[in-house]
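Heads up, the thing below is written out as structure tokens.
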There are 4 protein chains.
Amino acid sequence: MASTQKLFAVVVGAGPGTGRAAALRFAKAYPVVLLARTPGSYQDTVKEINDAGGKAVGISTDASDIKALESAFESIGKELPGHKLAAAIYNASARLAPKPFLEIKPEEFDASIDANIRGFFNFAQKALPLLEDAVSSSPHPPSLIVTGATASVKASARFAAFASTKWAKRALTQSLAREYGPKGVHVAHAVIDGVIDIPKTAGYSVNGGGEDSKISPDSIAETYWNLHTQHRSGFTWEVDIRPFIEKW
Amino acid sequence: MASTQKLFAVVVGAGPGTGRAAALRFAKAYPVVLLARTPGSYQDTVKEINDAGGKAVGISTDASDIKALESAFESIGKELPGHKLAAAIYNASARLAPKPFLEIKPEEFDASIDANIRGFFNFAQKALPLLEDAVSSSPHPPSLIVTGATASVKASARFAAFASTKWAKRALTQSLAREYGPKGVHVAHAVIDGVIDIPKTAGYSVNGGGEDSKISPDSIAETYWNLHTQHRSGFTWEVDIRPFIEKW
Amino acid sequence: MASTQKLFAVVVGAGPGTGRAAALRFAKAYPVVLLARTPGSYQDTVKEINDAGGKAVGISTDASDIKALESAFESIGKELPGHKLAAAIYNASARLAPKPFLEIKPEEFDASIDANIRGFFNFAQKALPLLEDAVSSSPHPPSLIVTGATASVKASARFAAFASTKWAKRALTQSLAREYGPKGVHVAHAVIDGVIDIPKTAGYSVNGGGEDSKISPDSIAETYWNLHTQHRSGFTWEVDIRPFIEKW
Amino acid sequence: MASTQKLFAVVVGAGPGTGRAAALRFAKAYPVVLLARTPGSYQDTVKEINDAGGKAVGISTDASDIKALESAFESIGKELPGHKLAAAIYNASARLAPKPFLEIKPEEFDASIDANIRGFFNFAQKALPLLEDAVSSSPHPPSLIVTGATASVKASARFAAFASTKWAKRALTQSLAREYGPKGVHVAHAVIDGVIDIPKTAGYSVNGGGEDSKISPDSIAETYWNLHTQHRSGFTWEVDIRPFIEKW
């Protein structure tokens, strides 16, 4: 088995919650690059990882902008020369507040398209060749793991923009799982079906508000790690993740 | 029951196949407006309907361009003054030839987004208020019927752009069905799962090539008409349509 | 096109609601045989059809009992000699009141299996050869149409017995649609997602209780007829049917 | 965290493949009871676990026979007094060779019902109270994990008996996941979508026959273990598992 010293992981959408938790979890095994539109999203996590003796790098970029994304990958190459990509996590999203369809402005719909579809399309085009290149040297099948939501499988009233672009993202992962699985790259999609327990949701009372009624980001990250470490003879394309108390 | 003289139907993506057949079918009951990017797509059908004693109008427009679409709806208002919209059929699409994901150019992906998502979003924002306005005067629940494909429910390898935007379109119809059903507007989605029998596919041999192994556009149009005439106590959101001989 | 004088339809589970309405609708085109466990379920409908100048026959049988079902088909042969089977509608069900899983008695689960799976299995084995035999003489593709429910696609808590046997029935129709479609027999499944407007539900207030908030059995029957008359180049396997006001 | 000394796991359908591998994997943490219809299915695995210093017990029973199953659970109580049930894996199945629907004999269909539905129903009624009783003392949420197949989500032609009973089993797990999740019991379903690499399939060449083109039972067992150890704030109901090279 190859040394893991020369591998790395990248997390896009590295804010509090799933992004931060995934970065921390994968940082136990790999240097981790955190990508987000603004340093405020990643700098605390980068510091936390580096302070704990791991290695993390934060880069500001917008995945929906191809040139910005290419520039980010060039920076990665300089920060981690000779490293191969073992795991890529696409966690960026743009959640529009639920509203009547006629009140969705074209620019709001565009923002959903940018974050949920175009950004992921661009990122996948950059990441997949790097993941494929790591197949022979990575101890686990190089993985592209994508964060979805309840709206990835159900398009409720007033969620037209969010749901349609989330379905598109899910379809994209399904197509890529079918194309890249046979190359040894594991593409997986997670349907996060519940409220995530982060500072922003601290005041939310869901399902009665008891203990563990919101999803621990660490539990999501652990499931992502378990996806990453699956043997290639038994790849999972999709998992759903929800609190034990959730109505579904 | 209200007179149907003051109602009309509109078909977007009015080329040979489903668009033409739907226009002919709905023209038995309503004046029909055919929208397409170029006159070549609709002019023969417009002539055929008018020659047969029906009423049809063709307008060139690109639904992904809001201003162009608004202009088209202004033209409709002039052509059919005082008419209310009984049925809208969104049949536009952009099918990219299957290809490896890395060979899909950003502009090709954009073209898929424009036809399958943005164009439909724009059209739905124009059509739904008109459909809602017709609820009290239309003999059948005003209907928005959307054409999908196999790729609307399955994202195969090499179909990343087509499938992701088709899934988005399907999600959009599901959200709209939930929002507009209670207003009395019937939103429905059809998964066309097979090769349609049109001049372009004349040379294709599918499933052995026997009689009726390709879908008759008229049979699709008949199913669309049956969706349109469903009673509001029993709306169907989705139908699948495929040749009897199809493998699925 | 062949004469329809020598064709017939059969409806299993011919009580008030979908069964009665389907019998009335198909009786406009064919003599209809109504099968139910007790005469009380079908005798009024049989009288109504015959009084109106149609032809209907009621036979008491239990489809989960093979010998009883064979006897019923022998009776049909005597009542309608030389007739071929154009349409078969399986509408029998056994709805167990929702209850905690541990409170479901084995005999209650068996009753669900009998009505939703075994009865349908037995009936399909009798009906499919007859439907296939009618392919060349029927003006519409001979059809087997099966009634499902919300629980056919969603297994809620406390619906373990009902949902599991409804999913089984849906799977059976999907497999049969794939096997018999290429033979020219149309197998279809309807997901009835709402409360049906029958005497038993007269007191139910659903979704605010407004007009058409329960499904008109006639609207279900009309959709079944539309499925039956689809051209074989465009078969639908599944439709969902729900009131415009339904939450889903 | 509670001691695990007084917990145990049970595996139903403990033949070579998933059953054996799951028993070996869970035996690393718990004493394991293996249930199968005949000793030939479990005795080698029991010996292997005990020889390696673990603890395993094999009991012959038929889960579709309530009395036999109750007797088996009494035996478990004697073999492992005071132990609570941390994990239950239902892996029994009855795979009928694909065949035309009309060739399926009623007794063959009954055998499918017995293994895939009735046996699971009976087992779940015995296991769930025991799992619930272990919630407060088990370090991981007590889990009921159920093995499905491709036919659990797709009912192909010629698979009528197998698919319908597999769909029923999947529905049952979905209903139980919704009912028992809020009680702290984790119910999960795995769609095994490929050929498992066991002695019986040694001669099969699938998808070109290369390395890892069949599913390693150990990889299934590892995914089951990962399901079992999920935190209750992030339960997965369903995973799909297939070889990287699989067409789907």
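To be explicit about the labels: the chains of the structure tokens are called A, B, and onward in the order shown, and within each one the residues are counted from 1, while ligands get numbers from 1 in the order they are shown.
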Lay chain A over chain C using all C-alpha atoms, matched one to one in order, with a least-squares fit; then write it out as a PDB file with C-alpha atoms, in the first residue's frame.
```pdb
ATOM      1  CA  MET A   1     -60.791  -3.148 -36.660  1.00  0.00           C
ATOM      2  CA  ALA A   2     -62.484  -6.058 -34.991  1.00  0.00           C
ATOM      3  CA  SER A   3     -66.003  -5.851 -33.649  1.00  0.00           C
ATOM      4  CA  THR A   4     -66.132  -5.317 -29.922  1.00  0.00           C
ATOM      5  CA  GLN A   5     -69.218  -7.484 -29.488  1.00  0.00           C
ATOM      6  CA  LYS A   6     -67.132 -10.463 -28.539  1.00  0.00           C
ATOM      7  CA  LEU A   7     -64.914  -8.741 -25.998  1.00  0.00           C
ATOM      8  CA  PHE A   8     -65.445  -8.256 -22.301  1.00  0.00           C
ATOM      9  CA  ALA A   9     -63.920  -6.621 -19.252  1.00  0.00           C
ATOM     10  CA  VAL A  10     -63.510  -7.938 -15.745  1.00  0.00           C
ATOM     11  CA  VAL A  11     -63.223  -5.944 -12.523  1.00  0.00           C
ATOM     12  CA  VAL A  12     -61.965  -7.571  -9.334  1.00  0.00           C
ATOM     13  CA  GLY A  13     -62.851  -5.790  -6.128  1.00  0.00           C
ATOM     14  CA  ALA A  14     -66.022  -4.296  -7.441  1.00  0.00           C
ATOM     15  CA  GLY A  15     -67.269  -2.439  -4.399  1.00  0.00           C
ATOM     16  CA  PRO A  16     -68.284   1.209  -4.278  1.00  0.00           C
ATOM     17  CA  GLY A  17     -65.616   3.591  -5.445  1.00  0.00           C
ATOM     18  CA  THR A  18     -63.035   2.688  -8.050  1.00  0.00           C
ATOM     19  CA  GLY A  19     -64.427  -0.783  -8.760  1.00  0.00           C
ATOM     20  CA  ARG A  20     -67.968   0.387  -9.384  1.00  0.00           C
ATOM     21  CA  ALA A  21     -66.864   3.410 -11.415  1.00  0.00           C
ATOM     22  CA  ALA A  22     -64.519   1.341 -13.559  1.00  0.00           C
ATOM     23  CA  ALA A  23     -67.271  -1.189 -14.213  1.00  0.00           C
ATOM     24  CA  LEU A  24     -69.630   1.571 -15.296  1.00  0.00           C
ATOM     25  CA  ARG A  25     -66.998   3.191 -17.514  1.00  0.00           C
ATOM     26  CA  PHE A  26     -65.875   0.009 -19.232  1.00  0.00           C
ATOM     27  CA  ALA A  27     -69.500  -1.121 -19.566  1.00  0.00           C
ATOM     28  CA  LYS A  28     -69.926   1.653 -22.148  1.00  0.00           C
ATOM     29  CA  ALA A  29     -67.739  -0.447 -24.425  1.00  0.00           C
ATOM     30  CA  TYR A  30     -67.840  -4.021 -23.190  1.00  0.00           C
ATOM     31  CA  PRO A  31     -69.916  -6.483 -21.227  1.00  0.00           C
ATOM     32  CA  VAL A  32     -68.422  -6.381 -17.762  1.00  0.00           C
ATOM     33  CA  VAL A  33     -67.892  -9.112 -15.177  1.00  0.00           C
ATOM     34  CA  LEU A  34     -67.693  -7.934 -11.565  1.00  0.00           C
ATOM     35  CA  LEU A  35     -65.880 -10.152  -9.093  1.00  0.00           C
ATOM     36  CA  ALA A  36     -66.065  -9.630  -5.358  1.00  0.00           C
ATOM     37  CA  ARG A  37     -66.145 -11.747  -2.254  1.00  0.00           C
ATOM     38  CA  THR A  38     -69.792 -11.003  -1.558  1.00  0.00           C
ATOM     39  CA  PRO A  39     -72.782 -10.090  -3.759  1.00  0.00           C
ATOM     40  CA  GLY A  40     -73.373  -7.000  -1.658  1.00  0.00           C
ATOM     41  CA  SER A  41     -70.303  -5.468  -3.260  1.00  0.00           C
ATOM     42  CA  TYR A  42     -71.438  -5.800  -6.857  1.00  0.00           C
ATOM     43  CA  GLN A  43     -75.160  -6.408  -7.138  1.00  0.00           C
ATOM     44  CA  ASP A  44     -76.266  -2.787  -7.285  1.00  0.00           C
ATOM     45  CA  THR A  45     -73.704  -1.970  -9.931  1.00  0.00           C
ATOM     46  CA  VAL A  46     -74.653  -5.026 -11.978  1.00  0.00           C
ATOM     47  CA  LYS A  47     -78.291  -3.956 -11.852  1.00  0.00           C
ATOM     48  CA  GLU A  48     -77.416  -0.372 -12.727  1.00  0.00           C
ATOM     49  CA  ILE A  49     -75.500  -1.440 -15.817  1.00  0.00           C
ATOM     50  CA  ASN A  50     -78.115  -3.919 -16.991  1.00  0.00           C
ATOM     51  CA  ASP A  51     -80.943  -1.468 -16.366  1.00  0.00           C
ATOM     52  CA  ALA A  52     -79.158   1.098 -18.490  1.00  0.00           C
ATOM     53  CA  GLY A  53     -78.999  -1.311 -21.401  1.00  0.00           C
ATOM     54  CA  GLY A  54     -75.453  -2.546 -20.853  1.00  0.00           C
ATOM     55  CA  LYS A  55     -74.437  -6.028 -19.865  1.00  0.00           C
ATOM     56  CA  ALA A  56     -72.970  -6.947 -16.506  1.00  0.00           C
ATOM     57  CA  VAL A  57     -72.516 -10.151 -14.583  1.00  0.00           C
ATOM     58  CA  GLY A  58     -71.564 -10.441 -10.921  1.00  0.00           C
ATOM     59  CA  ILE A  59     -69.733 -13.445  -9.528  1.00  0.00           C
ATOM     60  CA  SER A  60     -68.753 -14.040  -5.924  1.00  0.00           C
ATOM     61  CA  THR A  61     -65.216 -15.278  -5.510  1.00  0.00           C
ATOM     62  CA  ASP A  62     -62.052 -14.837  -3.512  1.00  0.00           C
ATOM     63  CA  ALA A  63     -59.067 -14.293  -5.772  1.00  0.00           C
ATOM     64  CA  SER A  64     -56.667 -15.526  -3.113  1.00  0.00           C
ATOM     65  CA  ASP A  65     -58.277 -18.968  -3.435  1.00  0.00           C
ATOM     66  CA  ILE A  66     -57.119 -20.504  -6.696  1.00  0.00           C
ATOM     67  CA  LYS A  67     -59.930 -23.019  -6.927  1.00  0.00           C
ATOM     68  CA  ALA A  68     -62.573 -20.400  -6.261  1.00  0.00           C
ATOM     69  CA  LEU A  69     -61.019 -18.166  -8.895  1.00  0.00           C
ATOM     70  CA  GLU A  70     -60.895 -20.966 -11.460  1.00  0.00           C
ATOM     71  CA  SER A  71     -64.513 -21.669 -10.795  1.00  0.00           C
ATOM     72  CA  ALA A  72     -65.299 -17.998 -11.349  1.00  0.00           C
ATOM     73  CA  PHE A  73     -63.533 -18.021 -14.698  1.00  0.00           C
ATOM     74  CA  GLU A  74     -65.498 -21.114 -15.690  1.00  0.00           C
ATOM     75  CA  SER A  75     -68.679 -19.237 -14.870  1.00  0.00           C
ATOM     76  CA  ILE A  76     -67.484 -16.359 -17.007  1.00  0.00           C
ATOM     77  CA  GLY A  77     -66.976 -18.736 -19.905  1.00  0.00           C
ATOM     78  CA  LYS A  78     -70.563 -19.893 -19.592  1.00  0.00           C
ATOM     79  CA  GLU A  79     -71.998 -16.393 -19.201  1.00  0.00           C
ATOM     80  CA  LEU A  80     -70.042 -14.901 -22.085  1.00  0.00           C
ATOM     81  CA  PRO A  81     -69.250 -17.760 -24.463  1.00  0.00           C
ATOM     82  CA  GLY A  82     -66.686 -16.947 -27.114  1.00  0.00           C
ATOM     83  CA  HIS A  83     -65.797 -13.603 -25.615  1.00  0.00           C
ATOM     84  CA  LYS A  84     -62.215 -12.474 -25.348  1.00  0.00           C
ATOM     85  CA  LEU A  85     -60.807 -10.441 -22.486  1.00  0.00           C
ATOM     86  CA  ALA A  86     -60.096  -6.837 -23.493  1.00  0.00           C
ATOM     87  CA  ALA A  87     -59.536  -5.364 -20.063  1.00  0.00           C
ATOM     88  CA  ALA A  88     -58.926  -6.642 -16.557  1.00  0.00           C
ATOM     89  CA  ILE A  89     -58.911  -4.342 -13.556  1.00  0.00           C
ATOM     90  CA  TYR A  90     -57.522  -5.555 -10.257  1.00  0.00           C
ATOM     91  CA  ASN A  91     -58.924  -3.341  -7.573  1.00  0.00           C
ATOM     92  CA  ALA A  92     -59.094  -5.710  -4.591  1.00  0.00           C
ATOM     93  CA  SER A  93     -57.244  -4.705  -1.472  1.00  0.00           C
ATOM     94  CA  ALA A  94     -57.163  -5.288   2.248  1.00  0.00           C
ATOM     95  CA  ARG A  95     -56.497  -2.195   4.220  1.00  0.00           C
ATOM     96  CA  LEU A  96     -55.456  -2.826   7.773  1.00  0.00           C
ATOM     97  CA  ALA A  97     -56.014   0.084  10.121  1.00  0.00           C
ATOM     98  CA  PRO A  98     -52.651   1.733  10.858  1.00  0.00           C
ATOM     99  CA  LYS A  99     -51.171   0.319  14.040  1.00  0.00           C
ATOM    100  CA  PRO A 100     -47.831  -0.234  15.745  1.00  0.00           C
ATOM    101  CA  PHE A 101     -45.864  -3.023  14.115  1.00  0.00           C
ATOM    102  CA  LEU A 102     -45.875  -5.247  17.187  1.00  0.00           C
ATOM    103  CA  GLU A 103     -49.666  -5.153  17.293  1.00  0.00           C
ATOM    104  CA  ILE A 104     -50.031  -6.578  13.799  1.00  0.00           C
ATOM    105  CA  LYS A 105     -51.127 -10.176  14.202  1.00  0.00           C
ATOM    106  CA  PRO A 106     -49.727 -12.792  11.835  1.00  0.00           C
ATOM    107  CA  GLU A 107     -53.248 -13.467  10.573  1.00  0.00           C
ATOM    108  CA  GLU A 108     -53.716  -9.782   9.794  1.00  0.00           C
ATOM    109  CA  PHE A 109     -50.484  -9.772   7.852  1.00  0.00           C
ATOM    110  CA  ASP A 110     -51.646 -12.915   6.040  1.00  0.00           C
ATOM    111  CA  ALA A 111     -54.881 -11.178   5.097  1.00  0.00           C
ATOM    112  CA  SER A 112     -52.867  -8.326   3.571  1.00  0.00           C
ATOM    113  CA  ILE A 113     -50.731 -10.809   1.677  1.00  0.00           C
ATOM    114  CA  ASP A 114     -53.808 -12.621   0.428  1.00  0.00           C
ATOM    115  CA  ALA A 115     -55.598  -9.580  -0.923  1.00  0.00           C
ATOM    116  CA  ASN A 116     -52.698  -7.494  -2.192  1.00  0.00           C
ATOM    117  CA  ILE A 117     -50.276 -10.139  -3.398  1.00  0.00           C
ATOM    118  CA  ARG A 118     -51.594 -13.668  -3.614  1.00  0.00           C
ATOM    119  CA  GLY A 119     -54.992 -12.664  -4.966  1.00  0.00           C
ATOM    120  CA  PHE A 120     -53.380 -10.524  -7.611  1.00  0.00           C
ATOM    121  CA  PHE A 121     -50.845 -13.230  -8.465  1.00  0.00           C
ATOM    122  CA  ASN A 122     -53.642 -15.766  -8.960  1.00  0.00           C
ATOM    123  CA  PHE A 123     -55.799 -13.372 -10.931  1.00  0.00           C
ATOM    124  CA  ALA A 124     -52.917 -12.311 -13.186  1.00  0.00           C
ATOM    125  CA  GLN A 125     -52.126 -15.956 -13.961  1.00  0.00           C
ATOM    126  CA  LYS A 126     -55.714 -16.457 -15.105  1.00  0.00           C
ATOM    127  CA  ALA A 127     -56.157 -13.139 -16.890  1.00  0.00           C
ATOM    128  CA  LEU A 128     -52.890 -12.690 -18.774  1.00  0.00           C
ATOM    129  CA  PRO A 129     -53.303 -15.682 -21.126  1.00  0.00           C
ATOM    130  CA  LEU A 130     -56.808 -14.445 -21.923  1.00  0.00           C
ATOM    131  CA  LEU A 131     -55.559 -10.909 -22.542  1.00  0.00           C
ATOM    132  CA  GLU A 132     -52.778 -12.187 -24.772  1.00  0.00           C
ATOM    133  CA  ASP A 133     -55.321 -14.226 -26.701  1.00  0.00           C
ATOM    134  CA  ALA A 134     -57.291 -11.047 -27.401  1.00  0.00           C
ATOM    135  CA  VAL A 135     -54.390  -9.047 -28.838  1.00  0.00           C
ATOM    136  CA  SER A 136     -55.211  -9.629 -32.472  1.00  0.00           C
ATOM    137  CA  SER A 137     -58.941  -8.994 -32.139  1.00  0.00           C
ATOM    138  CA  SER A 138     -59.192  -6.142 -29.665  1.00  0.00           C
ATOM    139  CA  PRO A 139     -59.426  -2.571 -30.987  1.00  0.00           C
ATOM    140  CA  HIS A 140     -57.334  -1.399 -28.037  1.00  0.00           C
ATOM    141  CA  PRO A 141     -54.364  -3.249 -26.561  1.00  0.00           C
ATOM    142  CA  PRO A 142     -55.764  -5.703 -24.014  1.00  0.00           C
ATOM    143  CA  SER A 143     -55.025  -4.215 -20.622  1.00  0.00           C
ATOM    144  CA  LEU A 144     -54.406  -5.235 -17.042  1.00  0.00           C
ATOM    145  CA  ILE A 145     -54.841  -2.191 -14.813  1.00  0.00           C
ATOM    146  CA  VAL A 146     -54.017  -2.375 -11.125  1.00  0.00           C
ATOM    147  CA  THR A 147     -55.089  -0.045  -8.345  1.00  0.00           C
ATOM    148  CA  GLY A 148     -52.397   1.096  -5.939  1.00  0.00           C
ATOM    149  CA  ALA A 149     -52.303   3.617  -3.130  1.00  0.00           C
ATOM    150  CA  THR A 150     -50.047   6.178  -1.495  1.00  0.00           C
ATOM    151  CA  ALA A 151     -48.668   3.239   0.443  1.00  0.00           C
ATOM    152  CA  SER A 152     -47.529   1.652  -2.837  1.00  0.00           C
ATOM    153  CA  VAL A 153     -44.669   4.134  -2.971  1.00  0.00           C
ATOM    154  CA  LYS A 154     -44.233   5.253   0.634  1.00  0.00           C
ATOM    155  CA  ALA A 155     -44.082   2.960   3.658  1.00  0.00           C
ATOM    156  CA  SER A 156     -45.077   5.127   6.597  1.00  0.00           C
ATOM    157  CA  ALA A 157     -44.753   4.189  10.222  1.00  0.00           C
ATOM    158  CA  ARG A 158     -47.694   2.051  11.363  1.00  0.00           C
ATOM    159  CA  PHE A 159     -48.413   0.919   7.783  1.00  0.00           C
ATOM    160  CA  ALA A 160     -46.036  -2.049   7.725  1.00  0.00           C
ATOM    161  CA  ALA A 161     -48.532  -4.661   6.543  1.00  0.00           C
ATOM    162  CA  PHE A 162     -50.424  -2.491   4.094  1.00  0.00           C
ATOM    163  CA  ALA A 163     -47.387  -0.824   2.546  1.00  0.00           C
ATOM    164  CA  SER A 164     -45.260  -3.936   2.187  1.00  0.00           C
ATOM    165  CA  THR A 165     -47.972  -5.822   0.342  1.00  0.00           C
ATOM    166  CA  LYS A 166     -48.830  -2.788  -1.775  1.00  0.00           C
ATOM    167  CA  TRP A 167     -45.184  -2.428  -2.801  1.00  0.00           C
ATOM    168  CA  ALA A 168     -45.211  -6.116  -3.722  1.00  0.00           C
ATOM    169  CA  LYS A 169     -48.269  -5.596  -5.901  1.00  0.00           C
ATOM    170  CA  ARG A 170     -46.641  -2.626  -7.619  1.00  0.00           C
ATOM    171  CA  ALA A 171     -43.485  -4.645  -8.290  1.00  0.00           C
ATOM    172  CA  LEU A 172     -45.551  -7.456  -9.710  1.00  0.00           C
ATOM    173  CA  THR A 173     -47.198  -5.068 -12.177  1.00  0.00           C
ATOM    174  CA  GLN A 174     -43.824  -3.645 -13.161  1.00  0.00           C
ATOM    175  CA  SER A 175     -42.424  -7.090 -13.894  1.00  0.00           C
ATOM    176  CA  LEU A 176     -45.561  -8.053 -15.809  1.00  0.00           C
ATOM    177  CA  ALA A 177     -45.537  -4.791 -17.773  1.00  0.00           C
ATOM    178  CA  ARG A 178     -42.030  -5.662 -18.914  1.00  0.00           C
ATOM    179  CA  GLU A 179     -42.891  -9.256 -19.767  1.00  0.00           C
ATOM    180  CA  TYR A 180     -46.287  -8.700 -21.391  1.00  0.00           C
ATOM    181  CA  GLY A 181     -45.748  -5.345 -23.105  1.00  0.00           C
ATOM    182  CA  PRO A 182     -43.767  -6.970 -25.911  1.00  0.00           C
ATOM    183  CA  LYS A 183     -46.648  -9.448 -26.343  1.00  0.00           C
ATOM    184  CA  GLY A 184     -49.004  -6.518 -26.919  1.00  0.00           C
ATOM    185  CA  VAL A 185     -50.673  -6.612 -23.508  1.00  0.00           C
ATOM    186  CA  HIS A 186     -50.679  -3.337 -21.602  1.00  0.00           C
ATOM    187  CA  VAL A 187     -50.057  -3.682 -17.858  1.00  0.00           C
ATOM    188  CA  ALA A 188     -50.453  -0.466 -15.872  1.00  0.00           C
ATOM    189  CA  HIS A 189     -50.440   0.623 -12.255  1.00  0.00           C
ATOM    190  CA  ALA A 190     -52.231   3.596 -10.704  1.00  0.00           C
ATOM    191  CA  VAL A 191     -51.103   5.212  -7.470  1.00  0.00           C
ATOM    192  CA  ILE A 192     -54.302   6.574  -5.937  1.00  0.00           C
ATOM    193  CA  ASP A 193     -52.931   9.238  -3.625  1.00  0.00           C
ATOM    194  CA  GLY A 194     -55.896  10.628  -1.743  1.00  0.00           C
ATOM    195  CA  VAL A 195     -59.248   9.866  -0.203  1.00  0.00           C
ATOM    196  CA  ILE A 196     -61.828   8.560  -2.638  1.00  0.00           C
ATOM    197  CA  ASP A 197     -65.245  10.169  -2.574  1.00  0.00           C
ATOM    198  CA  ILE A 198     -67.548   7.292  -1.616  1.00  0.00           C
ATOM    199  CA  PRO A 199     -70.389   6.930   0.883  1.00  0.00           C
ATOM    200  CA  LYS A 200     -67.995   5.576   3.514  1.00  0.00           C
ATOM    201  CA  THR A 201     -65.836   8.717   3.342  1.00  0.00           C
ATOM    202  CA  ALA A 202     -68.743  11.151   3.201  1.00  0.00           C
ATOM    203  CA  GLY A 203     -68.008  12.373   6.697  1.00  0.00           C
ATOM    204  CA  TYR A 204     -64.268  12.816   6.162  1.00  0.00           C
ATOM    205  CA  SER A 205     -63.020  16.359   5.859  1.00  0.00           C
ATOM    206  CA  VAL A 206     -59.758  16.291   3.932  1.00  0.00           C
ATOM    207  CA  ASN A 207     -57.548  19.221   2.995  1.00  0.00           C
ATOM    208  CA  GLY A 208     -60.060  21.724   4.230  1.00  0.00           C
ATOM    209  CA  GLY A 209     -63.060  19.837   2.960  1.00  0.00           C
ATOM    210  CA  GLY A 210     -63.777  21.940  -0.110  1.00  0.00           C
ATOM    211  CA  GLU A 211     -65.297  20.809  -3.376  1.00  0.00           C
ATOM    212  CA  ASP A 212     -63.339  18.081  -5.176  1.00  0.00           C
ATOM    213  CA  SER A 213     -60.991  17.569  -2.240  1.00  0.00           C
ATOM    214  CA  LYS A 214     -61.702  13.841  -2.480  1.00  0.00           C
ATOM    215  CA  ILE A 215     -61.063  11.873  -5.644  1.00  0.00           C
ATOM    216  CA  SER A 216     -64.107  11.288  -7.787  1.00  0.00           C
ATOM    217  CA  PRO A 217     -64.211   7.555  -8.622  1.00  0.00           C
ATOM    218  CA  ASP A 218     -65.379   8.546 -12.087  1.00  0.00           C
ATOM    219  CA  SER A 219     -62.181  10.498 -12.644  1.00  0.00           C
ATOM    220  CA  ILE A 220     -60.164   7.412 -11.737  1.00  0.00           C
ATOM    221  CA  ALA A 221     -62.272   5.317 -14.098  1.00  0.00           C
ATOM    222  CA  GLU A 222     -61.748   7.827 -16.899  1.00  0.00           C
ATOM    223  CA  THR A 223     -57.987   7.681 -16.410  1.00  0.00           C
ATOM    224  CA  TYR A 224     -58.178   3.854 -16.465  1.00  0.00           C
ATOM    225  CA  TRP A 225     -60.110   4.036 -19.722  1.00  0.00           C
ATOM    226  CA  ASN A 226     -57.496   6.390 -21.157  1.00  0.00           C
ATOM    227  CA  LEU A 227     -54.789   3.915 -20.170  1.00  0.00           C
ATOM    228  CA  HIS A 228     -56.697   1.127 -21.856  1.00  0.00           C
ATOM    229  CA  THR A 229     -57.068   3.058 -25.094  1.00  0.00           C
ATOM    230  CA  GLN A 230     -53.411   4.110 -25.369  1.00  0.00           C
ATOM    231  CA  HIS A 231     -51.736   3.124 -28.606  1.00  0.00           C
ATOM    232  CA  ARG A 232     -49.188   0.363 -28.177  1.00  0.00           C
ATOM    233  CA  SER A 233     -46.383   2.643 -29.372  1.00  0.00           C
ATOM    234  CA  GLY A 234     -46.943   4.776 -26.263  1.00  0.00           C
ATOM    235  CA  PHE A 235     -47.818   2.662 -23.235  1.00  0.00           C
ATOM    236  CA  THR A 236     -47.837   4.185 -19.769  1.00  0.00           C
ATOM    237  CA  TRP A 237     -46.827   1.887 -16.936  1.00  0.00           C
ATOM    238  CA  GLU A 238     -47.745   4.143 -14.064  1.00  0.00           C
ATOM    239  CA  VAL A 239     -49.907   7.154 -13.267  1.00  0.00           C
ATOM    240  CA  ASP A 240     -50.418   8.930  -9.987  1.00  0.00           C
ATOM    241  CA  ILE A 241     -53.882  10.313  -9.251  1.00  0.00           C
ATOM    242  CA  ARG A 242     -54.668  12.840  -6.535  1.00  0.00           C
ATOM    243  CA  PRO A 243     -56.975  15.765  -5.808  1.00  0.00           C
ATOM    244  CA  PHE A 244     -55.734  19.168  -6.951  1.00  0.00           C
ATOM    245  CA  ILE A 245     -55.738  20.281  -3.327  1.00  0.00           C
ATOM    246  CA  GLU A 246     -53.781  17.302  -1.978  1.00  0.00           C
ATOM    247  CA  LYS A 247     -50.560  17.791  -0.013  1.00  0.00           C
ATOM    248  CA  TRP A 248     -47.875  15.426  -1.328  1.00  0.00           C
TER     249      TRP A 248
END
```
Residues flagged helix (DSSP H, G or I) by DSSP in segment 10-220 of chain D, as a PyMOL selection string = chain D and resi 18-26+39-51+66-79+101-103+106-133+150-152+160-183+199-201+217-220
Backbone DSSP call of strand (DSSP E or B) for segment 2-246 of chain C, listed as a VMD selection string | chain C and resid 7 to 12 32 to 36 56 to 60 84 to 90 143 to 149 186 to 192 196 215 235 238 to 242
